[in-house]
Amino acid sequence: MYAGKARAYTNIALIKYWGKKDEQLILPMNSSLSLTLDAFYTETSVVFDESLTEDSFFLDGEKQDFKQTAKISKFLELVRQQQNLSLFAKVDSQNFVPTAAGLASSASGLAALAGACSEALNLQLTETELSRLARRGSGSACRSIFGGFSEWQKGDSDQTSFAKTIPSDAWENELAMLFVLIDDGVKDISSRDGMKRTVKTSSFYSGWLENVEADLATAKKAIKEKDFDTLGQVTEANGLRMHGTTLAAVPPFTYWSPESLKVMQLVRAARQQGISCYFTMDAGPNVKILLEKKNVPVLKNFLAGHFSEQQLITAYAGPGINVIPVERSEKI
Ligand code: FM0
C-alpha cells in the first residue's frame, strides 16, 4: 500500500489561460499569470492498494459518479504509466470553501492530487516536475504548486510547459481579492469545454492571442514595480478579452449573468469614488475584485447595500502546496 496526502490552494489568473494547443498533454496556447489565495483550498489523500478493484473518488465524503471520477482516473492512469504501477487507488478530497457557492476549483483539486500521488509513491519531484505533473490533471493546477504570484510558461512540450514563482518582494501580501458570489442557478459550461469550443470556432480567438503576451509582459512589469493600478488595469482588460472570445464561438455562449454585469458596474463606480479596484471572471458568473489590502473595508462598505455578507468573501495571498503527514488510521 502507498498513501500520501497534500493541501493545495486555489489560484485566480490575472492573465488568463484560455485555449490548448495539445489537448492530451495540456499544453496551452498562451502563457498565464495568477495569484494563489489563502481562502480556498483542497486537501486530497490517495491510497494505492492491492485490495482495490477500481479507482474511486470521494469529494467532501461523497462518492462521485463515473463522470466525475473519469478525470481523476485519467490522471491516476498517467501516474501509473509513468511509475510502471498497476494498483488501483482511492482518492479522498475535501474542499475548504467558506460556502457551497460553486467555488470548488480544479486548480487546487488537481494540484493536491498530484502532490498526494508524488508523496505516496515517494517520487521526490522538484517543484518544476510537480508543476508539470499537476498540469496534466488540469492546466491551471500547475500554478497552484506555488504561493503568491505564479507564471505558467506555455512552453512547447511536456518538458517545457510548467509554472514558476514570480519574484515579487512579497508585494502580494499587500493585496487582496474580494469574491462576489453570484448564484444564478445556471449550469456553467466547464472551462475545458468552453475553451475548446472557443479555440475551434470563435473568430475572436485570434484577437485574444494577439494581445495576451503583451498583457503578460505588462503584468510582470507592474509586479516588479509594485504598480497596483497598472496590474489592475491589465487584469481587467485581459479578463474582458478572454470573455469576449466566447461571444463569437459557435454556438455562442457567455459566463456572465446580469448580476456579474452589476458587479462590474459597481467596480467602475467605486473607482470613480477613488477606490482603486479591478474585476476579473473565470468560467462562471462569480466576479473577483483585485484590490489593495488597505482598501478592503472601504470596498466592502461600498458593496454592502448590494450584496449580503455571505456573498462577499475576502481572500489574501496564499502559500504553495504542502504535504500532510498521513496517519495510519486514515490510510484505507
Ligand atoms: O485559470 O481543461 O485549468 O487561467 O480559469 O483543466 O486545463 O480548469 F476560465 C478561465 C482554467 C481556465 C483561466 O481552465 O482547464 C485560468 C480559467 P483544463 P482549467
# chains A, B, ... in the order shown; residues from 1 in each chain; ligands from 1
>>> residues_around(residues="Phe307 in chain A", least_positions_apart="5", cutoff="9 Å", atoms="only C-alpha atoms", output="list of chain:residue names")
A:Val180, A:Leu181, A:Leu312
>>> write_last_selection(atoms="N, CA and C atoms", output="PDB file, in the first residue's frame")
ATOM      1  N   VAL A 180     -17.200  38.092  -5.157  1.00  0.00           N
ATOM      2  CA  VAL A 180     -18.635  38.372  -5.081  1.00  0.00           C
ATOM      3  C   VAL A 180     -19.348  37.147  -5.632  1.00  0.00           C
ATOM      4  N   LEU A 181     -20.027  36.437  -4.754  1.00  0.00           N
ATOM      5  CA  LEU A 181     -20.629  35.161  -5.137  1.00  0.00           C
ATOM      6  C   LEU A 181     -22.012  35.375  -5.731  1.00  0.00           C
ATOM      7  N   LEU A 312     -19.918  38.062   0.019  1.00  0.00           N
ATOM      8  CA  LEU A 312     -18.633  38.746  -0.121  1.00  0.00           C
ATOM      9  C   LEU A 312     -17.565  38.020   0.685  1.00  0.00           C
TER      10      LEU A 312
END
>>> residues_around(residues="Asp49 in chain A", least_positions_apart="3", cutoff="12 Å", atoms="only C-alpha atoms", output="mmCIF file with C-alpha atoms, in the first residue's frame")
data_model
loop_
_atom_site.group_PDB
_atom_site.id
_atom_site.type_symbol
_atom_site.label_atom_id
_atom_site.label_comp_id
_atom_site.auth_asym_id
_atom_site.auth_seq_id
_atom_site.Cartn_x
_atom_site.Cartn_y
_atom_site.Cartn_z
ATOM 1 C CA MET A 1 0.000 0.000 0.000
ATOM 2 C CA TYR A 2 1.155 3.515 -0.844
ATOM 3 C CA ALA A 3 -0.521 6.514 0.790
ATOM 4 C CA GLY A 4 0.013 10.265 0.564
ATOM 5 C CA VAL A 46 -4.613 8.979 -2.206
ATOM 6 C CA LEU A 52 -8.853 -2.224 -4.621
ATOM 7 C CA THR A 53 -10.636 -3.385 -7.750
ATOM 8 C CA GLU A 54 -11.264 0.040 -9.279
ATOM 9 C CA ASP A 55 -10.376 3.705 -8.827
ATOM 10 C CA SER A 56 -12.779 5.607 -6.615
ATOM 11 C CA LEU A 85 2.469 0.587 -11.321
ATOM 12 C CA SER A 86 -0.718 -1.434 -11.625
ATOM 13 C CA LEU A 87 -2.598 -0.683 -8.391
ATOM 14 C CA PHE A 88 -5.978 0.999 -8.281
ATOM 15 C CA ALA A 89 -6.427 3.956 -5.968
ATOM 16 C CA LYS A 90 -8.907 5.568 -3.606
ATOM 17 C CA VAL A 91 -8.859 9.359 -3.721
ATOM 18 C CA ALA A 120 2.504 8.312 -1.811
ATOM 19 C CA LEU A 121 4.930 6.972 -4.379
ATOM 20 C CA LYS A 331 -4.787 5.002 5.188
ATOM 21 C CA ILE A 332 -7.725 2.964 3.948
#
>>> closest_residue(among="A:Gly194, A:Gly318, A:Gly115, A:Gly148", to="ligand 1", atoms="only C-alpha atoms and all ligand atoms")
A:Gly194
>>> residues_near_ligand(ligand="ligand 1", cutoff="7 Å", atoms="only C-alpha atoms and all ligand atoms", output="compact mmCIF listing (two decimals) with all heavy atoms, in the first residue's frame")
# COMPACT_ATOMS: atom_id res chain seq x y z
N ILE A 12 -6.19 32.33 -8.79
CA ILE A 12 -7.02 33.05 -9.76
C ILE A 12 -6.09 33.73 -10.75
O ILE A 12 -5.15 34.44 -10.36
CB ILE A 12 -7.91 34.11 -9.06
CG1 ILE A 12 -8.91 33.44 -8.11
CG2 ILE A 12 -8.65 34.98 -10.10
CD1 ILE A 12 -9.94 32.54 -8.78
N ALA A 13 -6.35 33.50 -12.03
CA ALA A 13 -5.49 34.09 -13.06
C ALA A 13 -5.79 35.57 -13.24
O ALA A 13 -6.95 35.98 -13.31
CB ALA A 13 -5.69 33.35 -14.38
N ILE A 15 -3.78 37.09 -15.70
CA ILE A 15 -3.67 36.93 -17.16
C ILE A 15 -4.10 35.48 -17.42
O ILE A 15 -3.49 34.54 -16.91
CB ILE A 15 -2.21 37.16 -17.65
CG1 ILE A 15 -1.69 38.55 -17.19
CG2 ILE A 15 -2.13 37.00 -19.17
CD1 ILE A 15 -2.48 39.74 -17.69
N LYS A 16 -5.15 35.31 -18.20
CA LYS A 16 -5.83 34.01 -18.26
C LYS A 16 -5.17 33.00 -19.18
O LYS A 16 -4.61 33.37 -20.23
CB LYS A 16 -7.28 34.20 -18.77
CG LYS A 16 -8.12 35.18 -17.98
CD LYS A 16 -8.40 34.71 -16.57
CE LYS A 16 -9.33 35.69 -15.85
NZ LYS A 16 -9.48 35.33 -14.43
N TYR A 17 -5.31 31.76 -18.79
CA TYR A 17 -5.04 30.60 -19.66
C TYR A 17 -6.35 30.33 -20.39
O TYR A 17 -7.38 30.09 -19.76
CB TYR A 17 -4.62 29.43 -18.77
CG TYR A 17 -4.97 28.04 -19.21
CD1 TYR A 17 -4.73 27.58 -20.50
CD2 TYR A 17 -5.51 27.13 -18.28
CE1 TYR A 17 -5.03 26.27 -20.86
CE2 TYR A 17 -5.80 25.83 -18.62
CZ TYR A 17 -5.56 25.40 -19.92
OH TYR A 17 -5.87 24.11 -20.26
N TRP A 18 -6.32 30.39 -21.71
CA TRP A 18 -7.57 30.18 -22.44
C TRP A 18 -7.27 29.54 -23.79
O TRP A 18 -6.93 30.23 -24.74
CB TRP A 18 -8.35 31.50 -22.59
CG TRP A 18 -9.78 31.32 -23.00
CD1 TRP A 18 -10.36 31.79 -24.16
CD2 TRP A 18 -10.81 30.64 -22.29
NE1 TRP A 18 -11.68 31.44 -24.20
CE2 TRP A 18 -11.99 30.73 -23.07
CE3 TRP A 18 -10.86 29.95 -21.07
CZ2 TRP A 18 -13.21 30.16 -22.67
CZ3 TRP A 18 -12.06 29.38 -20.66
CH2 TRP A 18 -13.21 29.49 -21.46
N ILE A 26 -2.11 18.76 -22.36
CA ILE A 26 -2.50 20.04 -21.77
C ILE A 26 -1.36 21.06 -21.92
O ILE A 26 -0.78 21.55 -20.96
CB ILE A 26 -3.01 19.90 -20.32
CG1 ILE A 26 -4.05 18.77 -20.24
CG2 ILE A 26 -3.58 21.22 -19.81
CD1 ILE A 26 -5.02 18.82 -19.08
N SER A 32 0.30 32.27 -18.84
CA SER A 32 -0.68 32.92 -17.95
C SER A 32 -0.01 33.26 -16.61
O SER A 32 1.10 32.81 -16.33
CB SER A 32 -1.88 31.99 -17.73
OG SER A 32 -1.48 30.72 -17.27
N SER A 106 -10.79 23.21 -9.86
CA SER A 106 -9.99 22.11 -10.37
C SER A 106 -8.51 22.41 -10.17
O SER A 106 -7.69 21.51 -10.10
CB SER A 106 -10.30 21.85 -11.84
OG SER A 106 -9.90 22.94 -12.63
N ALA A 107 -8.14 23.69 -10.04
CA ALA A 107 -6.74 24.04 -9.84
C ALA A 107 -6.23 23.47 -8.52
O ALA A 107 -5.24 22.75 -8.48
CB ALA A 107 -6.56 25.56 -9.86
N GLY A 137 -3.23 17.11 -15.01
CA GLY A 137 -4.56 16.92 -14.43
C GLY A 137 -5.49 18.05 -14.83
O GLY A 137 -6.62 17.83 -15.28
N SER A 138 -5.02 19.27 -14.68
CA SER A 138 -5.78 20.46 -15.06
C SER A 138 -4.77 21.57 -15.26
O SER A 138 -3.91 21.78 -14.40
CB SER A 138 -6.76 20.83 -13.94
OG SER A 138 -7.57 21.91 -14.35
N GLY A 139 -4.86 22.27 -16.38
CA GLY A 139 -3.85 23.25 -16.72
C GLY A 139 -3.56 24.22 -15.59
O GLY A 139 -2.41 24.38 -15.15
N SER A 140 -4.62 24.84 -15.07
CA SER A 140 -4.43 25.87 -14.05
C SER A 140 -3.82 25.30 -12.77
O SER A 140 -3.27 26.05 -11.95
CB SER A 140 -5.76 26.57 -13.74
OG SER A 140 -6.74 25.62 -13.38
N ALA A 141 -3.88 23.99 -12.57
CA ALA A 141 -3.33 23.36 -11.37
C ALA A 141 -1.81 23.53 -11.29
O ALA A 141 -1.24 23.57 -10.20
CB ALA A 141 -3.69 21.88 -11.32
N SER A 191 -14.68 25.07 -18.01
CA SER A 191 -13.63 25.81 -18.72
C SER A 191 -13.03 24.93 -19.81
O SER A 191 -12.67 25.41 -20.88
CB SER A 191 -12.56 26.32 -17.75
OG SER A 191 -12.27 25.38 -16.77
N ARG A 192 -12.94 23.63 -19.53
CA ARG A 192 -12.37 22.72 -20.53
C ARG A 192 -13.18 22.75 -21.82
O ARG A 192 -12.64 22.91 -22.91
CB ARG A 192 -12.30 21.30 -19.96
CG ARG A 192 -11.57 20.35 -20.88
CD ARG A 192 -11.08 19.13 -20.14
NE ARG A 192 -9.99 19.44 -19.21
CZ ARG A 192 -9.27 18.51 -18.57
NH1 ARG A 192 -9.55 17.23 -18.74
NH2 ARG A 192 -8.31 18.86 -17.76
N ASP A 282 -13.91 34.10 -14.26
CA ASP A 282 -13.48 32.85 -14.88
C ASP A 282 -14.68 32.14 -15.50
O ASP A 282 -15.60 32.82 -15.94
CB ASP A 282 -12.71 32.02 -13.85
CG ASP A 282 -11.42 32.73 -13.46
OD1 ASP A 282 -10.52 32.79 -14.31
OD2 ASP A 282 -11.35 33.30 -12.35
N ALA A 283 -14.68 30.82 -15.48
CA ALA A 283 -15.73 30.10 -16.20
C ALA A 283 -17.01 29.96 -15.38
O ALA A 283 -17.54 28.87 -15.17
CB ALA A 283 -15.20 28.73 -16.63
>>> select_by_dssp(residues="range 128-217 of chain A", states="helix (DSSP H, G or I)", output="PDB file with C-alpha atoms, in the first residue's frame")
ATOM      1  CA  THR A 128       9.061  22.164 -11.629  1.00  0.00           C
ATOM      2  CA  GLU A 129       8.404  18.449 -12.069  1.00  0.00           C
ATOM      3  CA  LEU A 130       5.423  18.610  -9.725  1.00  0.00           C
ATOM      4  CA  SER A 131       4.050  21.574 -11.664  1.00  0.00           C
ATOM      5  CA  ARG A 132       4.368  19.612 -14.911  1.00  0.00           C
ATOM      6  CA  LEU A 133       2.584  16.656 -13.347  1.00  0.00           C
ATOM      7  CA  ALA A 134      -0.246  18.813 -11.964  1.00  0.00           C
ATOM      8  CA  ARG A 135      -0.618  20.403 -15.410  1.00  0.00           C
ATOM      9  CA  ARG A 136      -1.596  17.023 -16.819  1.00  0.00           C
ATOM     10  CA  GLY A 137      -4.557  16.918 -14.430  1.00  0.00           C
ATOM     11  CA  GLY A 139      -3.846  23.254 -16.719  1.00  0.00           C
ATOM     12  CA  SER A 140      -4.430  25.873 -14.049  1.00  0.00           C
ATOM     13  CA  ALA A 141      -3.331  23.361 -11.365  1.00  0.00           C
ATOM     14  CA  CYS A 142       0.309  23.774 -12.404  1.00  0.00           C
ATOM     15  CA  ARG A 143       0.214  27.311 -10.968  1.00  0.00           C
ATOM     16  CA  SER A 144      -1.124  26.157  -7.566  1.00  0.00           C
ATOM     17  CA  ILE A 145       2.172  24.459  -6.740  1.00  0.00           C
ATOM     18  CA  TRP A 171       4.242  42.556  -2.567  1.00  0.00           C
ATOM     19  CA  GLU A 172       1.344  40.111  -2.857  1.00  0.00           C
ATOM     20  CA  ASN A 173       0.945  40.376   0.918  1.00  0.00           C
ATOM     21  CA  GLU A 174      -0.343  43.911   0.414  1.00  0.00           C
ATOM     22  CA  SER A 191     -13.633  25.811 -18.716  1.00  0.00           C
ATOM     23  CA  ARG A 192     -12.367  22.724 -20.532  1.00  0.00           C
ATOM     24  CA  ASP A 193     -15.346  22.626 -22.896  1.00  0.00           C
ATOM     25  CA  GLY A 194     -15.605  26.400 -23.166  1.00  0.00           C
ATOM     26  CA  MET A 195     -12.011  26.947 -24.230  1.00  0.00           C
ATOM     27  CA  LYS A 196     -12.146  24.043 -26.649  1.00  0.00           C
ATOM     28  CA  ARG A 197     -15.208  25.412 -28.401  1.00  0.00           C
ATOM     29  CA  THR A 198     -13.685  28.881 -28.489  1.00  0.00           C
ATOM     30  CA  VAL A 199     -10.367  27.800 -29.997  1.00  0.00           C
ATOM     31  CA  LYS A 200     -12.197  25.735 -32.610  1.00  0.00           C
ATOM     32  CA  THR A 201     -14.907  28.146 -33.638  1.00  0.00           C
ATOM     33  CA  TYR A 205      -9.842  33.902 -30.766  1.00  0.00           C
ATOM     34  CA  SER A 206      -7.011  35.248 -32.906  1.00  0.00           C
ATOM     35  CA  GLY A 207      -7.540  38.673 -31.291  1.00  0.00           C
ATOM     36  CA  TRP A 208      -7.078  37.058 -27.889  1.00  0.00           C
ATOM     37  CA  LEU A 209      -3.764  35.566 -28.938  1.00  0.00           C
ATOM     38  CA  GLU A 210      -2.600  38.844 -30.436  1.00  0.00           C
ATOM     39  CA  ASN A 211      -2.790  40.656 -27.100  1.00  0.00           C
ATOM     40  CA  VAL A 212      -2.076  38.144 -24.402  1.00  0.00           C
ATOM     41  CA  GLU A 213       1.720  38.075 -24.443  1.00  0.00           C
ATOM     42  CA  ALA A 214       1.845  41.874 -24.234  1.00  0.00           C
ATOM     43  CA  ASP A 215      -0.623  41.746 -21.322  1.00  0.00           C
ATOM     44  CA  LEU A 216       1.613  39.246 -19.572  1.00  0.00           C
ATOM     45  CA  ALA A 217       4.662  41.481 -20.010  1.00  0.00           C
TER      46      ALA A 217
END
>>> select_by_dssp(residues="range 7-137 of chain A", states="strand (DSSP E or B)", output="JSON, numbers by chain")
{"A": [7, 8, 9, 10, 11, 12, 13, 14, 15, 20, 21, 22, 27, 28, 32, 33, 34, 35, 36, 37, 38, 39, 40, 41, 42, 43, 44, 45, 46, 47, 48, 56, 57, 58, 59, 62, 63, 89, 90, 91, 92, 93, 94, 95, 96]}
>>> closest_residue(among="A:Thr42, A:Gln24, A:Asn30, A:Gln81", to="Asn11 in chain A", atoms="only C-alpha atoms")
A:Thr42
>>> closest_residue(among="A:Asp188, A:Asn238, A:Asn84, A:Ala222", to="Asn286 in chain A", atoms="only C-alpha atoms")
A:Asp188
>>> residues_around(residues="Leu247 in chain A", least_positions_apart="5", cutoff="10 Å", atoms="only C-alpha atoms", output="PyMOL selection string")
chain A and resi 198+202-204+242+252-255
>>> closest_atom_pairs(of="range 169-206 of chain A", to="range 256-272 of chain A", cutoff="9 Å", atoms="only C-alpha atoms", output="JSON lines")
{"residue": "A:Val180", "atom": "CA", "partner": "A:Val263", "partner_atom": "CA", "distance": 7.8}
{"residue": "A:Ile182", "atom": "CA", "partner": "A:Glu259", "partner_atom": "CA", "distance": 6.8}
{"residue": "A:Asp183", "atom": "CA", "partner": "A:Glu259", "partner_atom": "CA", "distance": 8.9}
{"residue": "A:Asp184", "atom": "CA", "partner": "A:Ser257", "partner_atom": "CA", "distance": 7.1}
